[in-house]
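Pasted below: coords25.cif, mmCIF, C-alpha atoms.
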```cif
data_data
#
loop_
_atom_site.group_PDB
_atom_site.id
_atom_site.type_symbol
_atom_site.label_atom_id
_atom_site.label_comp_id
_atom_site.auth_asym_id
_atom_site.auth_seq_id
_atom_site.Cartn_x
_atom_site.Cartn_y
_atom_site.Cartn_z
ATOM 1 C CA MET H 1 113.334 -26.524 76.652
ATOM 2 C CA LYS H 2 112.901 -23.289 78.634
ATOM 3 C CA ASN H 3 110.787 -21.897 75.795
ATOM 4 C CA VAL H 4 108.561 -24.978 75.897
ATOM 5 C CA GLU H 5 108.213 -24.728 79.698
ATOM 6 C CA GLY H 6 107.507 -20.968 79.436
ATOM 7 C CA ALA H 7 104.909 -21.573 76.743
ATOM 8 C CA ALA H 8 103.271 -24.300 78.839
ATOM 9 C CA ALA H 9 103.153 -21.993 81.872
ATOM 10 C CA GLN H 10 101.625 -19.220 79.766
ATOM 11 C CA ALA H 11 99.092 -21.645 78.333
ATOM 12 C CA GLU H 12 98.158 -22.802 81.859
ATOM 13 C CA GLN H 13 97.828 -19.189 83.025
ATOM 14 C CA ALA H 14 95.704 -18.354 79.985
ATOM 15 C CA ARG H 15 93.497 -21.400 80.698
ATOM 16 C CA ARG H 16 92.995 -20.239 84.317
ATOM 17 C CA HIS H 17 92.122 -16.732 83.086
ATOM 18 C CA VAL H 18 89.574 -18.151 80.641
ATOM 19 C CA GLU H 19 88.010 -20.280 83.395
ATOM 20 C CA GLU H 20 87.884 -17.283 85.712
ATOM 21 C CA LEU H 21 86.393 -15.150 82.939
ATOM 22 C CA ASN H 22 83.775 -17.844 82.224
ATOM 23 C CA ARG H 23 82.848 -17.980 85.932
ATOM 24 C CA HIS H 24 82.595 -14.191 85.974
ATOM 25 C CA ILE H 25 80.393 -14.168 82.860
ATOM 26 C CA ALA H 26 78.157 -16.911 84.306
ATOM 27 C CA GLU H 27 77.799 -14.951 87.574
ATOM 28 C CA GLN H 28 76.944 -11.761 85.673
ATOM 29 C CA GLU H 29 74.317 -13.641 83.664
ATOM 30 C CA ARG H 30 72.840 -15.073 86.892
ATOM 31 C CA ILE H 31 72.702 -11.609 88.472
ATOM 32 C CA SER H 32 71.200 -10.120 85.316
ATOM 33 C CA LYS H 33 68.527 -12.844 85.216
ATOM 34 C CA ALA H 34 67.707 -12.305 88.894
ATOM 35 C CA LEU H 35 67.380 -8.538 88.300
ATOM 36 C CA ARG H 36 65.065 -9.131 85.328
ATOM 37 C CA GLU H 37 62.897 -11.483 87.410
ATOM 38 C CA THR H 38 62.776 -8.998 90.295
ATOM 39 C CA ASP H 39 61.845 -6.190 87.912
ATOM 40 C CA GLU H 40 59.124 -8.345 86.361
ATOM 41 C CA HIS H 41 57.702 -9.234 89.796
ATOM 42 C CA PHE H 42 57.641 -5.545 90.763
ATOM 43 C CA ARG H 43 56.020 -4.584 87.456
ATOM 44 C CA ASN H 44 53.285 -7.218 87.876
ATOM 45 C CA ALA H 45 52.656 -6.281 91.518
ATOM 46 C CA PHE H 46 52.511 -2.602 90.544
ATOM 47 C CA ASP H 47 50.399 -2.898 87.386
ATOM 48 C CA TYR H 48 47.842 -5.364 88.764
ATOM 49 C CA ALA H 49 47.525 -4.059 92.333
ATOM 50 C CA ALA H 50 43.949 -3.694 93.578
ATOM 51 C CA ILE H 51 44.783 -0.228 94.947
ATOM 52 C CA GLY H 52 46.073 2.811 93.098
ATOM 53 C CA MET H 53 49.860 2.929 92.823
ATOM 54 C CA ALA H 54 52.180 5.512 91.335
ATOM 55 C CA LEU H 55 55.798 6.537 91.094
ATOM 56 C CA VAL H 56 56.056 10.301 91.551
ATOM 57 C CA SER H 57 59.081 12.532 90.948
ATOM 58 C CA PRO H 58 60.427 14.719 93.792
ATOM 59 C CA GLN H 59 58.782 17.649 91.958
ATOM 60 C CA GLY H 60 55.373 15.929 91.993
ATOM 61 C CA SER H 61 55.058 14.693 88.388
ATOM 62 C CA TRP H 62 53.505 11.285 87.839
ATOM 63 C CA LEU H 63 56.240 9.013 86.458
ATOM 64 C CA ARG H 64 54.248 5.796 86.370
ATOM 65 C CA VAL H 65 50.645 4.986 87.308
ATOM 66 C CA ASN H 66 48.658 1.776 87.406
ATOM 67 C CA ARG H 67 45.188 0.995 86.079
ATOM 68 C CA SER H 68 43.578 1.095 89.548
ATOM 69 C CA LEU H 69 44.726 4.683 90.067
ATOM 70 C CA CYS H 70 43.420 5.718 86.644
ATOM 71 C CA ASP H 71 40.035 4.156 87.484
ATOM 72 C CA LEU H 72 39.999 5.819 90.912
ATOM 73 C CA LEU H 73 40.626 9.316 89.532
ATOM 74 C CA GLY H 74 38.854 8.980 86.167
ATOM 75 C CA TYR H 75 41.890 9.912 84.061
ATOM 76 C CA SER H 76 43.712 7.941 81.392
ATOM 77 C CA GLU H 77 47.295 6.895 82.045
ATOM 78 C CA GLN H 78 48.608 9.459 79.564
ATOM 79 C CA GLU H 79 46.538 12.278 81.073
ATOM 80 C CA LEU H 80 48.030 11.584 84.494
ATOM 81 C CA LEU H 81 51.580 11.242 83.126
ATOM 82 C CA ASN H 82 51.208 14.691 81.544
ATOM 83 C CA SER H 83 50.225 16.123 84.921
ATOM 84 C CA ASN H 84 51.250 16.014 88.586
ATOM 85 C CA PHE H 85 49.677 14.848 91.828
ATOM 86 C CA GLN H 86 49.030 18.451 92.902
ATOM 87 C CA ALA H 87 46.537 18.889 90.039
ATOM 88 C CA VAL H 88 44.235 16.159 91.420
ATOM 89 C CA THR H 89 44.718 16.864 95.144
ATOM 90 C CA HIS H 90 41.934 18.764 96.917
ATOM 91 C CA ALA H 91 43.093 22.347 97.535
ATOM 92 C CA ASP H 92 42.482 22.080 101.294
ATOM 93 C CA ASP H 93 44.801 19.037 101.542
ATOM 94 C CA LEU H 94 47.637 20.229 99.314
ATOM 95 C CA GLY H 95 49.569 22.165 101.979
ATOM 96 C CA SER H 96 49.758 19.246 104.399
ATOM 97 C CA ASP H 97 50.635 16.887 101.514
ATOM 98 C CA LEU H 98 53.595 19.039 100.488
ATOM 99 C CA ALA H 99 54.720 19.322 104.122
ATOM 100 C CA ASN H 100 54.648 15.517 104.486
ATOM 101 C CA LEU H 101 56.686 15.036 101.306
ATOM 102 C CA TYR H 102 59.206 17.610 102.522
ATOM 103 C CA ARG H 103 59.603 15.688 105.797
ATOM 104 C CA LEU H 104 60.200 12.506 103.797
ATOM 105 C CA MET H 105 62.862 14.188 101.672
ATOM 106 C CA GLN H 106 64.565 15.604 104.781
ATOM 107 C CA GLY H 107 64.689 12.105 106.288
ATOM 108 C CA GLU H 108 62.531 13.111 109.268
ATOM 109 C CA THR H 109 60.214 10.145 108.689
ATOM 110 C CA PRO H 110 60.572 6.904 106.650
ATOM 111 C CA ASN H 111 57.004 7.063 105.281
ATOM 112 C CA CYS H 112 53.707 8.822 105.829
ATOM 113 C CA GLN H 113 50.109 7.697 105.789
ATOM 114 C CA VAL H 114 47.220 10.138 105.672
ATOM 115 C CA GLU H 115 43.541 10.272 104.809
ATOM 116 C CA LYS H 116 43.137 12.903 102.124
ATOM 117 C CA ARG H 117 40.912 14.038 99.285
ATOM 118 C CA TYR H 118 41.525 13.800 95.571
ATOM 119 C CA VAL H 119 39.345 15.414 92.936
ATOM 120 C CA HIS H 120 37.961 13.005 90.319
ATOM 121 C CA ARG H 121 37.983 14.088 86.685
ATOM 122 C CA LEU H 122 34.209 14.584 86.896
ATOM 123 C CA GLY H 123 34.601 16.865 89.909
ATOM 124 C CA GLN H 124 33.481 14.667 92.792
ATOM 125 C CA ILE H 125 35.621 14.200 95.899
ATOM 126 C CA VAL H 126 37.444 10.897 96.292
ATOM 127 C CA TRP H 127 38.591 10.154 99.829
ATOM 128 C CA ALA H 128 41.727 8.022 99.973
ATOM 129 C CA LEU H 129 44.107 6.470 102.441
ATOM 130 C CA SER H 130 47.409 7.567 100.937
ATOM 131 C CA SER H 131 50.692 5.896 101.938
ATOM 132 C CA VAL H 132 53.895 7.436 100.614
ATOM 133 C CA SER H 133 57.523 6.367 100.872
ATOM 134 C CA LEU H 134 60.673 7.743 99.257
ATOM 135 C CA VAL H 135 63.211 5.800 97.190
ATOM 136 C CA ARG H 136 66.783 7.098 97.286
ATOM 137 C CA ASP H 137 69.768 6.271 95.099
ATOM 138 C CA SER H 138 73.136 4.917 96.304
ATOM 139 C CA GLU H 139 74.221 8.457 97.179
ATOM 140 C CA GLU H 140 71.066 9.010 99.289
ATOM 141 C CA GLN H 141 69.585 11.426 96.751
ATOM 142 C CA PRO H 142 65.774 11.282 96.269
ATOM 143 C CA VAL H 143 64.809 9.333 93.137
ATOM 144 C CA HIS H 144 61.014 9.074 93.387
ATOM 145 C CA PHE H 145 58.116 8.625 95.765
ATOM 146 C CA ILE H 146 55.973 5.507 95.817
ATOM 147 C CA PHE H 147 52.292 6.383 96.330
ATOM 148 C CA GLN H 148 49.803 3.710 97.420
ATOM 149 C CA ILE H 149 46.254 5.059 97.251
ATOM 150 C CA GLN H 150 43.248 3.177 98.595
ATOM 151 C CA ASP H 151 39.695 4.444 98.027
ATOM 152 C CA ILE H 152 37.919 5.034 101.374
ATOM 153 C CA THR H 153 35.074 7.198 100.045
ATOM 154 C CA GLU H 154 32.339 4.756 101.122
ATOM 155 C CA ARG H 155 33.794 4.502 104.616
ATOM 156 C CA LYS H 156 33.849 8.314 104.885
ATOM 157 C CA ARG H 157 30.207 8.492 103.764
ATOM 158 C CA ALA H 158 29.227 5.906 106.375
ATOM 159 C CA GLU H 159 31.129 7.809 109.090
ATOM 160 C CA SER H 160 29.414 11.045 108.074
ATOM 161 C CA ALA H 161 25.995 9.362 108.146
ATOM 162 C CA LEU H 162 26.692 7.919 111.600
ATOM 163 C CA GLN H 163 27.882 11.309 112.829
ATOM 164 C CA SER H 164 24.713 12.902 111.517
ATOM 165 C CA LEU H 165 22.541 10.225 113.129
ATOM 166 C CA SER H 166 24.247 10.774 116.457
ATOM 167 C CA LEU H 167 23.449 14.534 116.384
ATOM 168 C CA VAL H 168 20.028 14.728 114.715
ATOM 169 C CA ASP H 169 16.683 13.248 115.750
ATOM 170 C CA GLU H 170 15.480 10.977 112.936
ATOM 171 C CA LEU H 171 11.813 11.793 113.457
ATOM 172 C CA THR H 172 11.969 15.595 113.605
ATOM 173 C CA GLY H 173 15.224 16.300 111.770
ATOM 174 C CA LEU H 174 16.200 18.647 114.630
ATOM 175 C CA TYR H 175 19.358 18.469 116.722
ATOM 176 C CA ASN H 176 19.082 16.093 119.652
ATOM 177 C CA ARG H 177 20.738 16.857 123.008
ATOM 178 C CA ARG H 178 24.176 15.768 121.764
ATOM 179 C CA GLY H 179 23.782 17.809 118.578
ATOM 180 C CA PHE H 180 22.643 20.871 120.494
ATOM 181 C CA LEU H 181 25.658 20.647 122.828
ATOM 182 C CA ALA H 182 28.074 20.147 119.895
ATOM 183 C CA VAL H 183 26.698 23.154 117.983
ATOM 184 C CA SER H 184 26.670 25.267 121.167
ATOM 185 C CA GLU H 185 30.291 24.367 121.939
ATOM 186 C CA GLN H 186 31.352 25.217 118.387
ATOM 187 C CA SER H 187 29.538 28.576 118.546
ATOM 188 C CA LEU H 188 31.116 29.395 121.928
ATOM 189 C CA SER H 189 34.567 28.526 120.560
ATOM 190 C CA GLU H 190 34.035 30.864 117.595
ATOM 191 C CA ILE H 191 32.885 33.687 119.932
ATOM 192 C CA ARG H 192 35.925 33.182 122.203
ATOM 193 C CA SER H 193 38.212 33.217 119.168
ATOM 194 C CA GLU H 194 36.656 36.460 117.870
ATOM 195 C CA GLU H 195 36.954 38.068 121.321
ATOM 196 C CA HIS H 196 40.602 37.035 121.547
ATOM 197 C CA THR H 197 41.294 38.449 118.061
ATOM 198 C CA SER H 198 39.575 41.749 118.865
ATOM 199 C CA GLU H 199 41.646 42.100 122.067
ATOM 200 C CA LEU H 200 44.851 41.920 120.030
#
```
Could I get this file's structure written as structure tokens?
Amino acid sequence: MKNVEGAAAQAEQARRHVEELNRHIAEQERISKALRETDEHFRNAFDYAAIGMALVSPQGSWLRVNRSLCDLLGYSEQELLNSNFQAVTHADDLGSDLANLYRLMQGETPNCQVEKRYVHRLGQIVWALSSVSLVRDSEEQPVHFIFQIQDITERKRAESALQSLSLVDELTGLYNRRGFLAVSEQSLSEIRSEEHTSEL
């Protein structure tokens, strides 16, 4: 009788374990499905974004790029993946770019947004509003940067044209009063700087 009762108790315990295991498996499947859906949503948002997007390694290599970024810079996806962001950044902007990424990696700022220049495959300058954030792993180690790159070249051209119009007389092509004062102030600043340097 004790053997029968023991066997019944073991059977009941085994049944509870199976039920618990089934609940665990169902929960794991639910979590796995949710992760797949989240990954798919991210992939679609990334791949079909209207602005350039990229995942970039802490060393600067392109890890993943979308079609908009390829169109913006004139390179194929594979050409960019075989390269790094430094190769397409205007030389005058590279130093400040690297400094911003360093600040992100040091945790000094959660993200950075700058207007900068890229160099298109054909050589022309592409002005962009570049937003960068850093993704870290569970141990707070840098995994990759997320670059969001919006073309602002036309806006920069319009600003330059407006600036020029505000300094130059349309009829004569000569500096107007504002232009004359701006050029004079710049020249005086350069003279003061040279005098200061020669004094040292």
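Non-sequential neighbours of Lys116 of chain H (distance at most 12 Å, separation of 6 or more positions within a chain, all atoms listed in the file) are Val88, Thr89, His90, Ala91, Asp92, Asp93, Leu94, Gly95, Ser96, Asp97, Ile125, Val126, Trp127, Ala128, Leu129, Ser130, Ser131, Ile149, Gln150, Asp151, Ile152, Thr153 and Lys156 of chain H.
Nearest to Arg155 of chain H of all the residues H:Ala182, H:Glu115, H:Gly52, H:Arg67 is H:Glu115, counting only C-alpha atoms.
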- Record the distance separating atom CA of Ser166 of chain H and atom CA of Gln113 of chain H, expressed in Å with one decimal. 28.1 Å
Can you turn the PyMOL selection byres ((chain H and resi 107) around 12) into a concrete residue list for this file, as a PDB file with C-alpha atoms, keeping the file's coordinate frame?
```pdb
ATOM      1  CA  ASN H 100      54.648  15.517 104.486  1.00  0.00           C
ATOM      2  CA  LEU H 101      56.686  15.036 101.306  1.00  0.00           C
ATOM      3  CA  TYR H 102      59.206  17.610 102.522  1.00  0.00           C
ATOM      4  CA  ARG H 103      59.603  15.688 105.797  1.00  0.00           C
ATOM      5  CA  LEU H 104      60.200  12.506 103.797  1.00  0.00           C
ATOM      6  CA  MET H 105      62.862  14.188 101.672  1.00  0.00           C
ATOM      7  CA  GLN H 106      64.565  15.604 104.781  1.00  0.00           C
ATOM      8  CA  GLU H 108      62.531  13.111 109.268  1.00  0.00           C
ATOM      9  CA  THR H 109      60.214  10.145 108.689  1.00  0.00           C
ATOM     10  CA  PRO H 110      60.572   6.904 106.650  1.00  0.00           C
ATOM     11  CA  ASN H 111      57.004   7.063 105.281  1.00  0.00           C
ATOM     12  CA  CYS H 112      53.707   8.822 105.829  1.00  0.00           C
ATOM     13  CA  SER H 133      57.523   6.367 100.872  1.00  0.00           C
ATOM     14  CA  LEU H 134      60.673   7.743  99.257  1.00  0.00           C
ATOM     15  CA  VAL H 135      63.211   5.800  97.190  1.00  0.00           C
ATOM     16  CA  ARG H 136      66.783   7.098  97.286  1.00  0.00           C
ATOM     17  CA  GLU H 140      71.066   9.010  99.289  1.00  0.00           C
ATOM     18  CA  GLN H 141      69.585  11.426  96.751  1.00  0.00           C
ATOM     19  CA  PRO H 142      65.774  11.282  96.269  1.00  0.00           C
TER      20      PRO H 142
END
```
Around all listed atoms of segment 157-163 of chain H, padded 3 Å per side, what centre and edge lengths does the axis-aligned box have in Å to one decimal, as lines of an AutoDock Vina configuration file?
```
center_x = 28.6
center_y = 8.6
center_z = 108.3
size_x = 11.1
size_y = 11.4
size_z = 15.1
```
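We find atom CA of Ser68 of chain H and atom CA of Thr38 of chain H to be spaced 21.7 Å apart.
Shortest separation to Gly60 of chain H among H:Ala9, H:Leu171, H:Leu98, H:Ala158 occurs at residue H:Leu98, atoms counted being all atoms listed in the file.
For Arg178 of chain H, the non-local neighbours within 10 Å, defined as residues at least 3 positions apart in the same chain or in other chains and counting all atoms listed in the file, are Ser166, Leu167, Val168, Asp169, Tyr175, Leu181, Ala182, Val183 and Ser184 of chain H.
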Quick one: write out the picked residues with C-alpha atoms as an mmCIF file, keeping the file's coordinate frame?
```cif
data_model
loop_
_atom_site.group_PDB
_atom_site.id
_atom_site.type_symbol
_atom_site.label_atom_id
_atom_site.label_comp_id
_atom_site.auth_asym_id
_atom_site.auth_seq_id
_atom_site.Cartn_x
_atom_site.Cartn_y
_atom_site.Cartn_z
ATOM 1 C CA SER H 166 24.247 10.774 116.457
ATOM 2 C CA LEU H 167 23.449 14.534 116.384
ATOM 3 C CA VAL H 168 20.028 14.728 114.715
ATOM 4 C CA ASP H 169 16.683 13.248 115.750
ATOM 5 C CA TYR H 175 19.358 18.469 116.722
ATOM 6 C CA LEU H 181 25.658 20.647 122.828
ATOM 7 C CA ALA H 182 28.074 20.147 119.895
ATOM 8 C CA VAL H 183 26.698 23.154 117.983
ATOM 9 C CA SER H 184 26.670 25.267 121.167
#
```
- May I have the residues within 12 Å of Ser83 of chain H as a ChimeraX atom specification, using only C-alpha atoms and disregarding those fewer than 5 positions away in the same chain? /H:56-57,59-65,75-78,88-89
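One distance worth recording is that between atom CA of Ile25 of chain H and atom CA of Glu12 of chain H, which is 19.8 Å.
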How would segment 17-38 of chain H look with N, CA, C and O atoms restored, written as a JSON list (two decimals), keeping the file's coordinate frame?
```json
[["chain", "number", "residue", "atom", "x", "y", "z"],
["H", 17, "HIS", "N", 92.81, -18.01, 83.35],
["H", 17, "HIS", "CA", 92.12, -16.73, 83.09],
["H", 17, "HIS", "C", 90.80, -16.95, 82.36],
["H", 17, "HIS", "O", 89.79, -16.30, 82.68],
["H", 18, "VAL", "N", 90.80, -17.86, 81.40],
["H", 18, "VAL", "CA", 89.57, -18.15, 80.64],
["H", 18, "VAL", "C", 88.52, -18.75, 81.57],
["H", 18, "VAL", "O", 87.34, -18.38, 81.53],
["H", 19, "GLU", "N", 88.95, -19.68, 82.45],
["H", 19, "GLU", "CA", 88.01, -20.28, 83.40],
["H", 19, "GLU", "C", 87.43, -19.22, 84.34],
["H", 19, "GLU", "O", 86.24, -19.19, 84.61],
["H", 20, "GLU", "N", 88.32, -18.36, 84.83],
["H", 20, "GLU", "CA", 87.88, -17.28, 85.71],
["H", 20, "GLU", "C", 86.93, -16.34, 84.99],
["H", 20, "GLU", "O", 85.91, -15.92, 85.54],
["H", 21, "LEU", "N", 87.26, -16.01, 83.73],
["H", 21, "LEU", "CA", 86.39, -15.15, 82.94],
["H", 21, "LEU", "C", 85.04, -15.82, 82.70],
["H", 21, "LEU", "O", 83.99, -15.16, 82.80],
["H", 22, "ASN", "N", 85.04, -17.12, 82.43],
["H", 22, "ASN", "CA", 83.78, -17.84, 82.22],
["H", 22, "ASN", "C", 82.93, -17.84, 83.50],
["H", 22, "ASN", "O", 81.71, -17.68, 83.44],
["H", 23, "ARG", "N", 83.58, -18.03, 84.66],
["H", 23, "ARG", "CA", 82.85, -17.98, 85.93],
["H", 23, "ARG", "C", 82.26, -16.59, 86.14],
["H", 23, "ARG", "O", 81.12, -16.44, 86.57],
["H", 24, "HIS", "N", 83.05, -15.57, 85.82],
["H", 24, "HIS", "CA", 82.60, -14.19, 85.97],
["H", 24, "HIS", "C", 81.39, -13.91, 85.06],
["H", 24, "HIS", "O", 80.40, -13.32, 85.49],
["H", 25, "ILE", "N", 81.49, -14.37, 83.82],
["H", 25, "ILE", "CA", 80.39, -14.17, 82.86],
["H", 25, "ILE", "C", 79.14, -14.91, 83.33],
["H", 25, "ILE", "O", 78.03, -14.36, 83.30],
["H", 26, "ALA", "N", 79.30, -16.14, 83.82],
["H", 26, "ALA", "CA", 78.16, -16.91, 84.31],
["H", 26, "ALA", "C", 77.51, -16.21, 85.51],
["H", 26, "ALA", "O", 76.28, -16.14, 85.62],
["H", 27, "GLU", "N", 78.33, -15.66, 86.41],
["H", 27, "GLU", "CA", 77.80, -14.95, 87.57],
["H", 27, "GLU", "C", 77.06, -13.69, 87.14],
["H", 27, "GLU", "O", 75.98, -13.38, 87.67],
["H", 28, "GLN", "N", 77.61, -12.96, 86.17],
["H", 28, "GLN", "CA", 76.94, -11.76, 85.67],
["H", 28, "GLN", "C", 75.61, -12.10, 85.02],
["H", 28, "GLN", "O", 74.62, -11.39, 85.20],
["H", 29, "GLU", "N", 75.57, -13.21, 84.28],
["H", 29, "GLU", "CA", 74.32, -13.64, 83.66],
["H", 29, "GLU", "C", 73.29, -14.02, 84.72],
["H", 29, "GLU", "O", 72.10, -13.71, 84.61],
["H", 30, "ARG", "N", 73.74, -14.69, 85.80],
["H", 30, "ARG", "CA", 72.84, -15.07, 86.89],
["H", 30, "ARG", "C", 72.27, -13.83, 87.57],
["H", 30, "ARG", "O", 71.07, -13.73, 87.82],
["H", 31, "ILE", "N", 73.14, -12.85, 87.84],
["H", 31, "ILE", "CA", 72.70, -11.61, 88.47],
["H", 31, "ILE", "C", 71.73, -10.86, 87.57],
["H", 31, "ILE", "O", 70.70, -10.37, 88.01],
["H", 32, "SER", "N", 72.06, -10.81, 86.28],
["H", 32, "SER", "CA", 71.20, -10.12, 85.32],
["H", 32, "SER", "C", 69.82, -10.78, 85.24],
["H", 32, "SER", "O", 68.79, -10.10, 85.22],
["H", 33, "LYS", "N", 69.80, -12.12, 85.25],
["H", 33, "LYS", "CA", 68.53, -12.84, 85.22],
["H", 33, "LYS", "C", 67.72, -12.57, 86.48],
["H", 33, "LYS", "O", 66.51, -12.34, 86.42],
["H", 34, "ALA", "N", 68.39, -12.57, 87.62],
["H", 34, "ALA", "CA", 67.71, -12.30, 88.89],
["H", 34, "ALA", "C", 67.13, -10.89, 88.90],
["H", 34, "ALA", "O", 66.01, -10.67, 89.37],
["H", 35, "LEU", "N", 67.88, -9.91, 88.37],
["H", 35, "LEU", "CA", 67.38, -8.54, 88.30],
["H", 35, "LEU", "C", 66.16, -8.44, 87.39],
["H", 35, "LEU", "O", 65.20, -7.73, 87.70],
["H", 36, "ARG", "N", 66.21, -9.14, 86.24],
["H", 36, "ARG", "CA", 65.06, -9.13, 85.33],
["H", 36, "ARG", "C", 63.83, -9.73, 85.99],
["H", 36, "ARG", "O", 62.73, -9.22, 85.86],
["H", 37, "GLU", "N", 64.02, -10.84, 86.73],
["H", 37, "GLU", "CA", 62.90, -11.48, 87.41],
["H", 37, "GLU", "C", 62.33, -10.57, 88.50],
["H", 37, "GLU", "O", 61.11, -10.44, 88.64],
["H", 38, "THR", "N", 63.22, -9.92, 89.25],
["H", 38, "THR", "CA", 62.78, -9.00, 90.30],
["H", 38, "THR", "C", 62.00, -7.83, 89.69],
["H", 38, "THR", "O", 60.95, -7.44, 90.19]]
```
